[in-house]
file input18.cif (mmCIF, C-alpha atoms)
data_target
#
loop_
_atom_site.label_atom_id
_atom_site.label_comp_id
_atom_site.auth_asym_id
_atom_site.auth_seq_id
_atom_site.Cartn_x
_atom_site.Cartn_y
_atom_site.Cartn_z
CA MET A 643 93.60 85.56 117.70
CA GLY A 644 96.47 83.17 118.19
CA ASN A 645 97.16 83.09 114.46
CA LYS A 646 97.87 86.86 114.62
CA LYS A 647 95.67 87.62 111.63
CA ILE A 648 94.98 91.35 111.73
CA LYS A 649 92.61 91.58 108.75
CA CYS A 650 89.15 90.07 108.50
CA VAL A 651 87.43 89.50 105.16
CA ILE A 652 83.65 89.09 105.30
CA VAL A 653 81.98 87.47 102.32
CA SER A 654 78.32 88.41 102.14
CA GLY A 655 75.53 86.95 100.04
CA ALA A 656 74.87 89.50 97.30
CA PRO A 657 74.49 87.98 93.81
CA ASP A 658 78.08 88.66 92.77
CA GLN A 659 79.52 85.93 90.54
CA ASP A 660 82.93 87.54 90.03
CA TYR A 661 84.95 84.70 91.52
CA ASP A 662 88.22 85.89 89.99
CA PHE A 663 87.94 89.12 91.98
CA LEU A 664 87.00 87.16 95.08
CA LYS A 665 90.02 84.90 94.72
CA ASN A 666 92.28 87.92 94.46
CA ARG A 667 90.88 89.45 97.65
CA LEU A 668 90.84 86.29 99.76
CA HIS A 669 94.19 85.12 101.07
CA GLU A 670 95.58 82.80 103.70
CA ASP A 671 96.72 85.52 106.12
CA ALA A 672 93.18 86.93 106.47
CA TYR A 673 90.50 85.61 108.80
CA ILE A 674 87.49 84.79 106.60
CA ILE A 675 83.90 85.07 107.85
CA ALA A 676 81.06 84.06 105.56
CA ALA A 677 77.64 85.66 106.02
CA ASP A 678 74.99 83.02 105.36
CA SER A 679 75.16 81.98 101.67
CA GLY A 680 78.50 83.73 101.38
CA TYR A 681 80.08 80.42 102.36
CA LEU A 682 79.07 79.01 98.95
CA LYS A 683 80.99 81.81 97.25
CA CYS A 684 84.03 81.06 99.38
CA ILE A 685 83.93 77.42 98.34
CA LYS A 686 83.65 78.32 94.65
CA ALA A 687 86.63 80.64 95.08
CA GLY A 688 88.62 77.79 96.64
CA PHE A 689 88.55 78.87 100.30
CA VAL A 690 87.02 77.44 103.45
CA PRO A 691 85.76 80.17 105.81
CA ASP A 692 87.14 80.29 109.32
CA LEU A 693 83.65 81.13 110.57
CA ILE A 694 80.14 81.04 109.08
CA ILE A 695 77.33 83.15 110.57
CA GLY A 696 73.76 83.20 109.31
CA ASP A 697 70.15 82.12 109.63
CA PHE A 698 70.49 80.09 106.39
CA ASP A 699 67.21 81.27 104.95
CA SER A 700 68.93 81.75 101.58
CA SER A 701 71.06 78.60 101.62
CA GLU A 702 71.24 75.16 103.15
CA TYR A 703 72.90 74.71 106.50
CA PRO A 704 76.58 74.10 105.70
CA GLU A 705 77.98 70.65 106.34
CA MET A 706 81.55 71.79 106.84
CA ASP A 707 84.33 71.26 109.35
CA THR A 708 84.46 74.88 110.48
CA GLU A 709 82.89 77.02 113.19
CA ILE A 710 79.24 77.88 112.50
CA ILE A 711 76.98 80.29 114.39
CA ARG A 712 73.31 79.86 113.53
CA LEU A 713 71.08 82.90 113.94
CA PRO A 714 67.30 83.07 114.28
CA ALA A 715 65.46 84.07 111.12
CA GLU A 716 63.62 86.86 112.95
CA LYS A 717 66.19 89.29 114.35
CA ASP A 718 67.10 92.97 114.52
CA PHE A 719 70.35 92.83 112.52
CA THR A 720 71.32 91.47 109.13
CA ASP A 721 73.63 88.48 108.87
CA THR A 722 76.34 90.72 107.42
CA PHE A 723 76.12 93.25 110.25
CA THR A 724 76.29 90.41 112.77
CA CYS A 725 79.49 89.26 111.07
CA VAL A 726 80.88 92.79 111.27
CA LYS A 727 80.05 93.03 114.97
CA LYS A 728 81.70 89.67 115.56
CA ALA A 729 84.86 90.77 113.73
CA VAL A 730 85.02 93.99 115.76
CA ASP A 731 84.52 92.05 119.01
CA MET A 732 87.35 89.73 117.99
CA GLY A 733 89.69 92.70 117.81
CA PHE A 734 90.41 92.99 114.09
CA SER A 735 91.79 96.38 113.05
CA GLU A 736 90.82 96.05 109.39
CA ILE A 737 87.71 94.59 107.72
CA GLU A 738 86.87 94.20 104.05
CA LEU A 739 83.34 93.36 102.93
CA LEU A 740 83.05 91.39 99.69
CA CYS A 741 79.90 90.35 97.78
CA ALA A 742 78.11 93.10 99.71
CA ILE A 743 76.87 95.15 96.73
CA GLY A 744 73.93 93.64 94.93
CA ASN A 745 70.44 94.17 93.56
CA ARG A 746 68.76 95.05 96.87
CA ALA A 747 69.16 98.79 97.54
CA ASP A 748 68.12 98.33 101.17
CA HIS A 749 70.80 95.71 101.72
CA ASN A 750 73.38 97.91 100.01
CA TYR A 751 72.52 100.81 102.32
CA ALA A 752 72.53 98.58 105.40
CA ASN A 753 75.98 97.34 104.45
CA MET A 754 77.20 100.94 104.08
CA LEU A 755 75.97 101.59 107.62
CA CYS A 756 78.36 98.84 108.71
CA LEU A 757 81.14 101.23 107.74
CA ASP A 758 79.94 103.71 110.36
CA TYR A 759 79.77 101.03 113.05
CA CYS A 760 83.39 100.16 112.32
CA ARG A 761 84.44 103.81 112.28
CA LYS A 762 82.92 104.33 115.72
CA HIS A 763 84.99 101.39 116.95
CA ASN A 764 88.21 102.65 115.32
CA VAL A 765 88.26 99.82 112.80
CA LYS A 766 89.13 100.45 109.16
CA CYS A 767 86.44 99.01 106.89
CA VAL A 768 85.86 99.02 103.13
CA ILE A 769 83.26 97.49 100.82
CA SER A 770 84.78 96.25 97.57
CA ASN A 771 83.96 94.67 94.26
CA ARG A 772 85.53 95.01 90.83
CA HIS A 773 83.53 98.16 90.06
CA ASN A 774 83.30 99.91 93.42
CA ARG A 775 85.23 100.61 96.60
CA ILE A 776 83.28 102.32 99.40
CA GLN A 777 84.63 103.71 102.66
CA LEU A 778 84.25 106.50 105.20
CA VAL A 779 86.96 109.09 105.74
CA LYS A 780 87.21 111.27 108.83
CA ASN A 781 90.47 113.18 108.43
CA GLU A 782 92.36 112.56 105.21
CA ILE A 783 93.18 109.94 102.62
CA THR A 784 95.36 109.66 99.52
CA ILE A 785 94.04 107.63 96.59
CA ASN A 786 95.23 106.83 93.08
CA GLY A 787 93.65 105.63 89.87
CA SER A 788 95.39 102.29 89.59
CA GLU A 789 92.27 100.23 90.38
CA TYR A 790 89.32 102.63 90.06
CA LYS A 791 89.08 105.48 87.54
CA TYR A 792 86.52 107.74 89.23
CA PHE A 793 85.72 108.88 92.73
CA SER A 794 82.81 110.66 94.39
CA VAL A 795 82.60 112.36 97.76
CA TYR A 796 79.44 112.85 99.83
CA ALA A 797 78.79 114.27 103.27
CA PHE A 798 77.80 111.29 105.42
CA LEU A 799 74.88 111.89 107.80
CA GLY A 800 75.90 115.49 108.50
CA THR A 801 77.67 118.60 107.27
CA VAL A 802 81.32 118.39 106.29
CA GLU A 803 83.50 121.47 106.82
CA GLY A 804 86.81 122.24 105.19
CA LEU A 805 86.67 119.69 102.36
CA THR A 806 89.82 119.92 100.25
CA ILE A 807 90.57 117.82 97.17
CA LYS A 808 94.09 118.28 95.79
CA ASP A 809 95.59 117.26 92.42
CA ALA A 810 92.30 115.91 91.01
CA TYR A 811 90.74 116.92 87.71
CA TYR A 812 88.25 118.93 89.78
CA ALA A 813 90.04 120.41 92.79
CA VAL A 814 88.33 122.16 95.71
CA ASN A 815 89.80 124.07 98.61
CA HIS A 816 88.32 124.23 102.09
CA ILE A 817 84.61 124.17 101.28
CA ALA A 818 81.49 122.98 103.11
CA LEU A 819 79.57 119.95 101.90
CA GLN A 820 75.98 119.22 102.84
CA PRO A 821 74.42 115.72 102.82
CA SER A 822 72.22 116.75 99.87
CA ASP A 823 75.11 118.09 97.74
CA GLN A 824 76.08 116.20 94.60
CA PHE A 825 78.70 118.47 93.05
CA ALA A 826 81.58 116.29 94.30
CA GLN A 827 80.39 113.32 92.25
CA SER A 828 82.29 111.68 89.37
CA ASN A 829 85.67 113.30 89.87
CA CYS A 830 88.74 111.74 88.26
CA PHE A 831 92.51 111.72 88.32
CA LYS A 832 94.79 114.16 86.51
CA ASN A 833 97.97 112.96 84.80
CA ASN A 834 97.94 109.77 86.90
CA MET A 835 98.72 111.84 90.00
CA PRO A 836 97.65 110.68 93.48
CA VAL A 837 94.75 112.67 94.92
CA LYS A 838 94.65 113.86 98.53
CA ILE A 839 91.24 114.35 100.14
CA SER A 840 90.93 115.94 103.57
CA VAL A 841 88.24 117.39 105.82
CA GLN A 842 88.39 119.71 108.81
CA SER A 843 85.30 118.23 110.44
CA GLY A 844 82.59 115.73 109.60
CA ILE A 845 82.63 112.39 107.78
CA ILE A 846 82.76 111.83 104.03
CA LEU A 847 81.50 108.83 102.13
CA LEU A 848 84.14 108.08 99.47
CA ILE A 849 83.06 105.91 96.54
CA GLN A 850 85.67 104.88 93.98
CA SER A 851 84.19 103.44 90.80
CA ASN A 852 84.71 101.97 87.36
CA ASP A 853 82.20 101.84 84.52
#
call {"tool": "encode", "arguments": {"input": "input18.cif", "output": "structure tokens"}}
result
Amino acid sequence: MGNKKIKCVIVSGAPDQDYDFLKNRLHEDAYIIAADSGYLKCIKAGFVPDLIIGDFDSSEYPEMDTEIIRLPAEKDFTDTFTCVKKAVDMGFSEIELLCAIGNRADHNYANMLCLDYCRKHNVKCVISNRHNRIQLVKNEITINGSEYKYFSVYAFLGTVEGLTIKDAYYAVNHIALQPSDQFAQSNCFKNNMPVKISVQSGIILLIQSND
């Protein structure tokens, strides 16, 4: 990465037409990878991707002066996950997935699994749109309500021990959380105070949301 860009933004192909949000998240100091038809969203937002990866079963092959990796239509991984793997291999320390939340529940879940792949490779990764921000947390994180009003916490693929939520409307102290538990859903901020979430062991799925 001779341009010393440390963040990679991956634009996927979910039917998200919020181009104002996309413009605000794309910027010149980020390396932009488009997953298949995601390149069309980049163009509408006024950006040319640095790299396009896809099988182009949902869009025409791009006629653009940029690097393109064409994938076979029959494969084991989604176009988005292939983009994530490429970004990790390129050495990025931070990845943001945009246009990755859509109408297909299976695609949404597959994209959330990309978060775990990044975690295992010590890469920070979030999935964002105007209404949601999704990430995995291993140790602790501090969040505020400036962009998203609500937050929910779930045990990701295993038991969480020692979950503590401080300064939230609903606070908890050093409890266990099972993957089937829902009681940590739809929490909110108290008096505009930052909220600190920590765990002793396990991984939590943190979803920040707006109505």
call {"tool": "residues_around", "arguments": {"input": "input18.cif", "residues": "A:Pro714", "least_positions_apart": "3", "cutoff": "12 Å", "atoms": "all atoms listed in the file", "output": "list in words"}}
result
Asp678, Ile695, Gly696, Asp697, Phe698, Asp699, Ile711, Lys717, Asp718, Phe719, Thr720, Asp721 and Thr724 of chain A
call {"tool": "atom_distance", "arguments": {"input": "input18.cif", "atom1": "atom CA of A:Ala810", "atom2": "atom CA of A:Val837"}}
result
5.6 Å
call {"tool": "closest_residue", "arguments": {"input": "input18.cif", "among": "A:Ile648, A:Cys741, A:Ile694, A:Cys725", "to": "A:Leu664", "atoms": "only C-alpha atoms"}}
result
A:Cys741
call {"tool": "atom_distance", "arguments": {"input": "input18.cif", "atom1": "atom CA of A:Ile652", "atom2": "atom CA of A:Ser679"}}
result
11.7 Å
call {"tool": "atom_distance", "arguments": {"input": "input18.cif", "atom1": "atom CA of A:Cys767", "atom2": "atom CA of A:His816"}}
result
25.7 Å
call {"tool": "closest_residue", "arguments": {"input": "input18.cif", "among": "A:Lys727, A:Lys665, A:Lys647, A:Val841", "to": "A:Asp692", "atoms": "only C-alpha atoms"}}
result
A:Lys647
call {"tool": "residues_around", "arguments": {"input": "input18.cif", "residues": "A:Asn786", "least_positions_apart": "5", "cutoff": "8 Å", "atoms": "all atoms listed in the file", "output": "PyMOL selection string"}}
result
chain A and resi 831+834-837
call {"tool": "axis_aligned_box", "arguments": {"input": "input18.cif", "around": "stretch 739-755 of chain A", "padding_each_side": "3 Å", "output": "lines of an AutoDock Vina configuration file"}}
result
center_x = 75.7
center_y = 96.0
center_z = 100.6
size_x = 21.2
size_y = 17.2
size_z = 20.1
call {"tool": "resolve_selection", "arguments": {"input": "input18.cif", "expression": "the PyMOL selection byres ((chain A and resi 830) around 10)", "output": "ChimeraX atom specification"}}
result
/A:786-787,790-794,809-813,827-829,831-834,837,850-851
call {"tool": "closest_residue", "arguments": {"input": "input18.cif", "among": "A:Gly804, A:Gly680, A:Pro821, A:Gly655", "to": "A:Asn745", "atoms": "all atoms listed in the file"}}
result
A:Gly655
call {"tool": "residues_around", "arguments": {"input": "input18.cif", "residues": "A:Glu738", "least_positions_apart": "4", "cutoff": "8 Å", "atoms": "all atoms listed in the file", "output": "list in words"}}
result
Lys649, Cys650, Val651, Ile652, Cys767, Val768, Ile769 and Ser770 of chain A
call {"tool": "write_last_selection", "arguments": {"input": "input18.cif", "atoms": "C-alpha atoms", "output": "PDB file, in the coordinates of the input"}}
result
ATOM      1  CA  LYS A 649      92.610  91.580 108.750  1.00  0.00           C
ATOM      2  CA  CYS A 650      89.150  90.070 108.500  1.00  0.00           C
ATOM      3  CA  VAL A 651      87.430  89.500 105.160  1.00  0.00           C
ATOM      4  CA  ILE A 652      83.650  89.090 105.300  1.00  0.00           C
ATOM      5  CA  CYS A 767      86.440  99.010 106.890  1.00  0.00           C
ATOM      6  CA  VAL A 768      85.860  99.020 103.130  1.00  0.00           C
ATOM      7  CA  ILE A 769      83.260  97.490 100.820  1.00  0.00           C
ATOM      8  CA  SER A 770      84.780  96.250  97.570  1.00  0.00           C
TER       9      SER A 770
END
call {"tool": "build_atoms", "arguments": {"input": "input18.cif", "residues": "stretch 825-838 of chain A", "atoms": "N, CA and C atoms", "output": "tab-separated table (two decimals), keeping the file's coordinate frame"}}
result
chain	number	residue	atom	x	y	z
A	825	PHE	N	77.72	117.90	93.97
A	825	PHE	CA	78.70	118.47	93.05
A	825	PHE	C	80.07	117.79	93.15
A	826	ALA	N	80.30	116.99	94.17
A	826	ALA	CA	81.58	116.29	94.30
A	826	ALA	C	81.50	114.87	93.74
A	827	GLN	N	80.56	114.64	92.86
A	827	GLN	CA	80.39	113.32	92.25
A	827	GLN	C	81.17	113.22	90.95
A	828	SER	N	81.64	112.00	90.64
A	828	SER	CA	82.29	111.68	89.37
A	828	SER	C	83.51	112.55	89.08
A	829	ASN	N	84.37	112.67	90.06
A	829	ASN	CA	85.67	113.30	89.87
A	829	ASN	C	86.62	112.26	89.29
A	830	CYS	N	87.79	112.68	88.83
A	830	CYS	CA	88.74	111.74	88.26
A	830	CYS	C	90.17	112.24	88.48
A	831	PHE	N	91.11	111.43	88.07
A	831	PHE	CA	92.51	111.72	88.32
A	831	PHE	C	93.12	112.52	87.17
A	832	LYS	N	94.14	113.29	87.49
A	832	LYS	CA	94.79	114.16	86.51
A	832	LYS	C	96.24	113.74	86.33
A	833	ASN	N	96.58	113.34	85.12
A	833	ASN	CA	97.97	112.96	84.80
A	833	ASN	C	98.49	111.85	85.70
A	834	ASN	N	97.58	110.92	86.07
A	834	ASN	CA	97.94	109.77	86.90
A	834	ASN	C	98.53	110.17	88.26
A	835	MET	N	98.21	111.37	88.71
A	835	MET	CA	98.72	111.84	90.00
A	835	MET	C	97.85	111.33	91.15
A	836	PRO	N	98.45	111.00	92.30
A	836	PRO	CA	97.65	110.68	93.48
A	836	PRO	C	96.81	111.89	93.90
A	837	VAL	N	95.66	111.63	94.46
A	837	VAL	CA	94.75	112.67	94.92
A	837	VAL	C	94.66	112.62	96.44
A	838	LYS	N	94.79	113.78	97.08
A	838	LYS	CA	94.65	113.86	98.53
A	838	LYS	C	93.32	114.52	98.86
